[in-house]
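**Q** Structure provided below as structure tokens; questions to follow.
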Amino acid sequence: MAATTDPLPDLLIAIPAVILLCKVGARVVRGAGQPPVVGEIAVGLLLGPSFLGWLWPGAQAWLFPPSSLPYLGLLGNLGLLIFMFLVGHEIQLGSLKAQSGTAALVSMVSVALPLGLGTLLALGMYDSFAPEGVDRLPFVLFIAVAMSITAFPVMARILADRGMYRTRVGVLALACAAFDDVTAWCLLAAVVAVSAAGSPMEAVTTALFAIGFALFMFGVLRPVLARLTARAERTSTDSLVLVLLFSGLCLSALATDLIGVHALFGAFVFGAVTPRGSRVIEFQAARLRAFAVPVLLPLFFVTTGLRADVSLLAADPVQWLWAGAVLSVAVLAKWGGGTGAARLSGQSWRDAMSIGALMNCRGLTELIVLNVGLGLGVIGQDLFTILVLMALITTAATSPALNLIRKGMPEEEPEVERRPADEAADDLRQPDVSRQPDVSRQPDGSADAVGARAGGAGPAS
């Protein structure tokens, strides 16, 4: 019987190497005015077969031996679950009402147009890129959803860095992105249900279970959590709250995984129903972020990079033509749709183009969706690589585009009514907790430890 290789020594090399390299990449691109996630995506690609595996295969094999890859993937996925909980928690649904009319119009157009154009593109790509055995419907639906993604967390960081977070344009853009995020995750859940189902009846059953799960979370669990949080505010139970938050997001993820709509959806919904404005909840969420974002998320980026291979495109010029078509449709549909809808809602051309540019930012959210599709077998490695490059380019283009559009326009930050969550954010900045890990410059494009919500006081996670 062959001896089993212990993967621990390999992990103890790979994990710190990935974390440190991603940190370096994030700092390098921040110096160029880019959100840190651009550097992390680039580092993931450079460590994969696209560069390191091509330039020095032996070094890549030593750094990422096959025995370590499943564990790196598991740790990266755990970081994603925490990240999705944080995203759900940061999207303050009540604040969307103030911008509901304009934000709903912009969001609907910037989702519907990419869905439509993405569907047409996918129909043309099906024969060339669909893996063997994949039906036309799940392939087309997935590509359409992938075209409609906006990265709420990365957008929040860009707005904060530019001093636009609490401006009229910034608040509106965040509200639009929040609508987009909620819509995109619901659509992705539907695509996963269709892809994983063996029959139309099974897909309908999965959808009904998913709706029942959401109703239970918002109708039953949400008020229970509110009462438990009020009790926790009166007692010293910080560590217990942290344990309950982490256990809750894991169990919610398990529930949706068993239902068949992916574990990430459960973590997102649990974050959405977790009470906001509570000092104890905000502080424990910040503690989760302080570990998951700088330590676990880089493992997801490198896993993505190991799955992408640009050399697959280099050998065939037609592949690059398809890559150009994907990028063109992505930019035209998202930027053009967002700009047109914002202009129709009464925004000036410069503000409308700014909102369109921000809606075109895809970042980490797009990578999550693409990995779901690859894991389901709906897309292959070649199309996965094309879509990863599209995500990198559209994210990197956001800041330079805003520089051109808003050149000479001062960004004034109006007074915004403070909420309990903003006060909690201030508490986290007081000297007695100032030695907590700095979460204001995390590599996912996140910023402040707490107040990251549409219309809030700080950038989202």
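Letters for chains follow the order of the structure tokens (A, B, ...), residue numbers begin at 1 for each chain, and ligand numbers begin at 1 in the order shown.
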Where does DSSP see helix (DSSP H, G or I) in range 219-426 of chain A, if you list the residues as a PyMOL selection string?
**A** chain A and resi 219-234+238-259+263-273+279-307+311-314+317-344+349-359+363-376+381-405+420-426
**Q** Excluding same-chain residues fewer than 5 positions from range 76-78 of chain A, what lies within 12 Å of it counting only C-alpha atoms, as a PyMOL selection string?
**A** chain A and resi 15+18-19+69-71+83-85+246+249-250+253-254+262-264+267+288+291-304+368+371-372+375
**Q** Dump C-alpha atoms for the selected residues as a compact mmCIF listing (two decimals), in the first residue's frame?
**A**
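The result, stored in part-v9.txt:
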# COMPACT_ATOMS: atom_id res chain seq x y z
CA ILE A 15 -0.13 29.73 1.81
CA VAL A 18 0.39 33.41 -1.95
CA ILE A 19 -0.64 35.83 0.80
CA LEU A 69 -4.43 22.05 -4.45
CA PRO A 70 -7.64 20.60 -2.93
CA TYR A 71 -6.80 22.15 0.45
CA PHE A 83 -16.85 37.39 2.05
CA MET A 84 -20.37 36.72 0.77
CA PHE A 85 -21.73 37.02 4.30
CA PHE A 246 -19.58 32.05 11.70
CA LEU A 249 -23.17 31.55 7.77
CA CYS A 250 -21.80 28.01 7.46
CA ALA A 253 -24.44 27.90 3.15
CA LEU A 254 -24.96 24.20 3.83
CA HIS A 262 -24.82 26.87 -4.25
CA ALA A 263 -23.48 27.51 -0.78
CA LEU A 264 -22.52 31.13 -1.55
CA ALA A 267 -23.98 32.90 3.16
CA LEU A 288 -14.19 38.06 10.49
CA PHE A 291 -8.82 37.42 8.91
CA ALA A 292 -10.76 36.23 5.88
CA VAL A 293 -9.91 39.06 3.49
CA PRO A 294 -6.10 39.21 3.78
CA VAL A 295 -5.51 35.51 4.57
CA LEU A 296 -8.17 33.34 2.90
CA LEU A 297 -9.29 35.33 -0.15
CA PRO A 298 -5.81 35.35 -1.78
CA LEU A 299 -6.05 31.55 -1.91
CA PHE A 300 -9.18 31.94 -4.02
CA PHE A 301 -7.35 34.27 -6.41
CA VAL A 302 -4.50 31.84 -6.92
CA THR A 303 -6.96 28.96 -7.38
CA THR A 304 -8.62 31.03 -10.10
CA ILE A 368 -16.88 34.13 -7.97
CA ASN A 371 -15.67 29.76 -10.69
CA VAL A 372 -19.22 28.60 -10.00
CA GLY A 375 -17.25 24.04 -11.13
**Q** Report, in Å to a single decimal, how far apart CA of Gly337 in chain A and CA of Pro114 in chain A are.
**A**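 Between CA of Pro114 in chain A and CA of Gly337 in chain A the gap is 8.0 Å.
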**Q** Name all residues at most 7 Å from Pro131 in chain A (count only C-alpha atoms; drop same-chain ones fewer than 6 positions away) and give them as number ranges by chain.
**A** A: 378-380
**Q** Counting only C-alpha atoms, which residue out of A:Ala203, A:Val87, A:Ala190, A:Val111 sits closest to Gly271 in chain A?
**A** A:Val87
**Q** Here is a test: counting only C-alpha atoms, which residue of A:Gly101, A:Pro200, A:Pro400, A:Pro35 is nearest to Leu172 in chain A?
**A**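 Checking each candidate against Leu172 in chain A, we get A:Gly101 as the closest.
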**Q** Residues near Ala151 in chain A, anyone? I mean within 7 Å using only C-alpha atoms, not counting same-chain ones fewer than 6 positions away, as an MDAnalysis selection string.
**A** chainID A and resid 361:365
**Q** With a distance cut-off of 12 Å and only C-alpha atoms, select the neighbouring residues of Gln347 in chain A, excluding the residue or stretch itself and same-chain residues fewer than 2 positions from it, and output the selection as a ChimeraX atom specification.
**A** /A:102-103,106,168-169,172-173,338-345,349-356
**Q** Would you export the selected residues with N, CA and C atoms as a PDB file, in the first residue's frame, please?
**A**
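The resulting file, selection-v7.pdb, is reproduced below:
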ATOM      1  N   THR A 102     -34.619  55.979  -9.412  1.00  0.00           N
ATOM      2  CA  THR A 102     -33.503  56.074 -10.354  1.00  0.00           C
ATOM      3  C   THR A 102     -32.635  54.834 -10.309  1.00  0.00           C
ATOM      4  N   ALA A 103     -32.318  54.362  -9.086  1.00  0.00           N
ATOM      5  CA  ALA A 103     -31.444  53.192  -8.957  1.00  0.00           C
ATOM      6  C   ALA A 103     -32.076  51.962  -9.582  1.00  0.00           C
ATOM      7  N   VAL A 106     -31.779  52.332 -13.491  1.00  0.00           N
ATOM      8  CA  VAL A 106     -30.408  52.106 -13.960  1.00  0.00           C
ATOM      9  C   VAL A 106     -30.025  50.653 -13.790  1.00  0.00           C
ATOM     10  N   ARG A 168     -23.734  62.735  -4.336  1.00  0.00           N
ATOM     11  CA  ARG A 168     -24.976  62.276  -4.961  1.00  0.00           C
ATOM     12  C   ARG A 168     -24.715  61.158  -5.967  1.00  0.00           C
ATOM     13  N   VAL A 169     -23.678  61.354  -6.808  1.00  0.00           N
ATOM     14  CA  VAL A 169     -23.351  60.329  -7.810  1.00  0.00           C
ATOM     15  C   VAL A 169     -22.886  59.044  -7.137  1.00  0.00           C
ATOM     16  N   LEU A 172     -25.846  57.182  -5.503  1.00  0.00           N
ATOM     17  CA  LEU A 172     -26.689  56.591  -6.541  1.00  0.00           C
ATOM     18  C   LEU A 172     -26.011  55.375  -7.166  1.00  0.00           C
ATOM     19  N   ALA A 173     -24.719  55.481  -7.453  1.00  0.00           N
ATOM     20  CA  ALA A 173     -24.002  54.355  -8.054  1.00  0.00           C
ATOM     21  C   ALA A 173     -23.989  53.157  -7.117  1.00  0.00           C
ATOM     22  N   GLY A 338     -25.869  51.389 -18.477  1.00  0.00           N
ATOM     23  CA  GLY A 338     -25.905  52.223 -17.271  1.00  0.00           C
ATOM     24  C   GLY A 338     -25.911  53.700 -17.593  1.00  0.00           C
ATOM     25  N   THR A 339     -25.104  54.094 -18.576  1.00  0.00           N
ATOM     26  CA  THR A 339     -25.046  55.505 -18.975  1.00  0.00           C
ATOM     27  C   THR A 339     -26.384  55.963 -19.550  1.00  0.00           C
ATOM     28  N   GLY A 340     -26.933  55.193 -20.465  1.00  0.00           N
ATOM     29  CA  GLY A 340     -28.199  55.566 -21.079  1.00  0.00           C
ATOM     30  C   GLY A 340     -29.331  55.669 -20.076  1.00  0.00           C
ATOM     31  N   ALA A 341     -29.420  54.694 -19.165  1.00  0.00           N
ATOM     32  CA  ALA A 341     -30.488  54.712 -18.163  1.00  0.00           C
ATOM     33  C   ALA A 341     -30.328  55.885 -17.206  1.00  0.00           C
ATOM     34  N   ALA A 342     -29.086  56.173 -16.798  1.00  0.00           N
ATOM     35  CA  ALA A 342     -28.856  57.299 -15.889  1.00  0.00           C
ATOM     36  C   ALA A 342     -29.191  58.614 -16.573  1.00  0.00           C
ATOM     37  N   ARG A 343     -28.860  58.726 -17.846  1.00  0.00           N
ATOM     38  CA  ARG A 343     -29.176  59.945 -18.594  1.00  0.00           C
ATOM     39  C   ARG A 343     -30.688  60.125 -18.719  1.00  0.00           C
ATOM     40  N   LEU A 344     -31.415  59.044 -18.990  1.00  0.00           N
ATOM     41  CA  LEU A 344     -32.871  59.107 -19.102  1.00  0.00           C
ATOM     42  C   LEU A 344     -33.526  59.469 -17.771  1.00  0.00           C
ATOM     43  N   SER A 345     -32.847  59.149 -16.670  1.00  0.00           N
ATOM     44  CA  SER A 345     -33.413  59.451 -15.354  1.00  0.00           C
ATOM     45  C   SER A 345     -33.121  60.876 -14.903  1.00  0.00           C
ATOM     46  N   TRP A 349     -24.693  64.345 -18.543  1.00  0.00           N
ATOM     47  CA  TRP A 349     -23.930  63.376 -19.317  1.00  0.00           C
ATOM     48  C   TRP A 349     -22.697  62.891 -18.552  1.00  0.00           C
ATOM     49  N   ARG A 350     -21.984  63.794 -17.874  1.00  0.00           N
ATOM     50  CA  ARG A 350     -20.766  63.384 -17.163  1.00  0.00           C
ATOM     51  C   ARG A 350     -21.106  62.476 -15.986  1.00  0.00           C
ATOM     52  N   ASP A 351     -22.181  62.808 -15.264  1.00  0.00           N
ATOM     53  CA  ASP A 351     -22.587  61.949 -14.154  1.00  0.00           C
ATOM     54  C   ASP A 351     -23.094  60.605 -14.671  1.00  0.00           C
ATOM     55  N   ALA A 352     -23.846  60.640 -15.766  1.00  0.00           N
ATOM     56  CA  ALA A 352     -24.371  59.396 -16.334  1.00  0.00           C
ATOM     57  C   ALA A 352     -23.233  58.494 -16.811  1.00  0.00           C
ATOM     58  N   MET A 353     -22.233  59.084 -17.467  1.00  0.00           N
ATOM     59  CA  MET A 353     -21.092  58.284 -17.922  1.00  0.00           C
ATOM     60  C   MET A 353     -20.279  57.759 -16.744  1.00  0.00           C
ATOM     61  N   SER A 354     -20.203  58.535 -15.666  1.00  0.00           N
ATOM     62  CA  SER A 354     -19.508  58.069 -14.460  1.00  0.00           C
ATOM     63  C   SER A 354     -20.217  56.864 -13.869  1.00  0.00           C
ATOM     64  N   ILE A 355     -21.541  56.935 -13.786  1.00  0.00           N
ATOM     65  CA  ILE A 355     -22.314  55.804 -13.258  1.00  0.00           C
ATOM     66  C   ILE A 355     -22.150  54.586 -14.157  1.00  0.00           C
ATOM     67  N   GLY A 356     -22.175  54.806 -15.475  1.00  0.00           N
ATOM     68  CA  GLY A 356     -21.963  53.691 -16.395  1.00  0.00           C
ATOM     69  C   GLY A 356     -20.603  53.044 -16.228  1.00  0.00           C
TER      70      GLY A 356
END
**Q** When you look at range 47-61 of chain A with a cut-off of 8 Å (counting only C-alpha atoms), what residues show up, excluding the ones that are within fewer than 3 positions of it in the same chain? I need them as a PDB file with N, CA, C and O atoms, in the first residue's frame.
**A**
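Wrote part.pdb, looks like this:
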ATOM      1  N   VAL A  43      -1.830  38.713  -9.889  1.00  0.00           N
ATOM      2  CA  VAL A  43      -0.915  37.772  -9.230  1.00  0.00           C
ATOM      3  C   VAL A  43      -1.404  36.345  -9.405  1.00  0.00           C
ATOM      4  O   VAL A  43      -0.616  35.427  -9.668  1.00  0.00           O
ATOM      5  N   GLY A  44      -2.719  36.130  -9.253  1.00  0.00           N
ATOM      6  CA  GLY A  44      -3.256  34.788  -9.462  1.00  0.00           C
ATOM      7  C   GLY A  44      -2.965  34.266 -10.853  1.00  0.00           C
ATOM      8  O   GLY A  44      -2.577  33.100 -11.028  1.00  0.00           O
ATOM      9  N   PHE A  64       3.041  24.650  -5.950  1.00  0.00           N
ATOM     10  CA  PHE A  64       1.667  24.148  -5.876  1.00  0.00           C
ATOM     11  C   PHE A  64       1.614  22.680  -6.277  1.00  0.00           C
ATOM     12  O   PHE A  64       1.079  22.336  -7.341  1.00  0.00           O
ATOM     13  N   PRO A  65       2.157  21.783  -5.460  1.00  0.00           N
ATOM     14  CA  PRO A  65       2.086  20.354  -5.791  1.00  0.00           C
ATOM     15  C   PRO A  65       0.638  19.881  -5.783  1.00  0.00           C
ATOM     16  O   PRO A  65      -0.213  20.449  -5.086  1.00  0.00           O
ATOM     17  N   PRO A  66       0.321  18.873  -6.563  1.00  0.00           N
ATOM     18  CA  PRO A  66      -1.070  18.406  -6.652  1.00  0.00           C
ATOM     19  C   PRO A  66      -1.702  18.081  -5.301  1.00  0.00           C
ATOM     20  O   PRO A  66      -2.903  18.280  -5.111  1.00  0.00           O
ATOM     21  N   VAL A 302      -5.504  32.703  -6.299  1.00  0.00           N
ATOM     22  CA  VAL A 302      -4.502  31.842  -6.921  1.00  0.00           C
ATOM     23  C   VAL A 302      -5.159  30.587  -7.477  1.00  0.00           C
ATOM     24  O   VAL A 302      -4.732  30.053  -8.519  1.00  0.00           O
ATOM     25  N   GLY A 305      -6.358  31.635 -10.750  1.00  0.00           N
ATOM     26  CA  GLY A 305      -5.242  31.739 -11.684  1.00  0.00           C
ATOM     27  C   GLY A 305      -4.751  30.393 -12.170  1.00  0.00           C
ATOM     28  O   GLY A 305      -4.362  30.237 -13.341  1.00  0.00           O
ATOM     29  N   LEU A 306      -4.781  29.384 -11.297  1.00  0.00           N
ATOM     30  CA  LEU A 306      -4.352  28.047 -11.696  1.00  0.00           C
ATOM     31  C   LEU A 306      -5.336  27.400 -12.665  1.00  0.00           C
ATOM     32  O   LEU A 306      -4.970  26.508 -13.430  1.00  0.00           O
ATOM     33  N   ARG A 307      -6.588  27.861 -12.642  1.00  0.00           N
ATOM     34  CA  ARG A 307      -7.594  27.305 -13.547  1.00  0.00           C
ATOM     35  C   ARG A 307      -7.598  27.996 -14.906  1.00  0.00           C
ATOM     36  O   ARG A 307      -8.129  27.453 -15.872  1.00  0.00           O
ATOM     37  N   ALA A 308      -7.052  29.206 -14.973  1.00  0.00           N
ATOM     38  CA  ALA A 308      -7.019  29.959 -16.231  1.00  0.00           C
ATOM     39  C   ALA A 308      -5.694  29.715 -16.946  1.00  0.00           C
ATOM     40  O   ALA A 308      -4.658  29.558 -16.309  1.00  0.00           O
ATOM     41  N   ASP A 309      -5.738  29.670 -18.260  1.00  0.00           N
ATOM     42  CA  ASP A 309      -4.526  29.423 -19.040  1.00  0.00           C
ATOM     43  C   ASP A 309      -4.595  30.212 -20.347  1.00  0.00           C
ATOM     44  O   ASP A 309      -5.282  29.822 -21.296  1.00  0.00           O
ATOM     45  N   VAL A 310      -3.883  31.338 -20.365  1.00  0.00           N
ATOM     46  CA  VAL A 310      -3.891  32.200 -21.543  1.00  0.00           C
ATOM     47  C   VAL A 310      -3.268  31.514 -22.750  1.00  0.00           C
ATOM     48  O   VAL A 310      -3.594  31.835 -23.896  1.00  0.00           O
ATOM     49  N   SER A 311      -2.398  30.528 -22.516  1.00  0.00           N
ATOM     50  CA  SER A 311      -1.766  29.832 -23.645  1.00  0.00           C
ATOM     51  C   SER A 311      -2.792  29.091 -24.499  1.00  0.00           C
ATOM     52  O   SER A 311      -2.536  28.814 -25.676  1.00  0.00           O
TER      53      SER A 311
END
**Q** What is the distance between CA of Leu46 in chain A and CA of Ser67 in chain A, in Å to one decimal?
**A** 20.6 Å
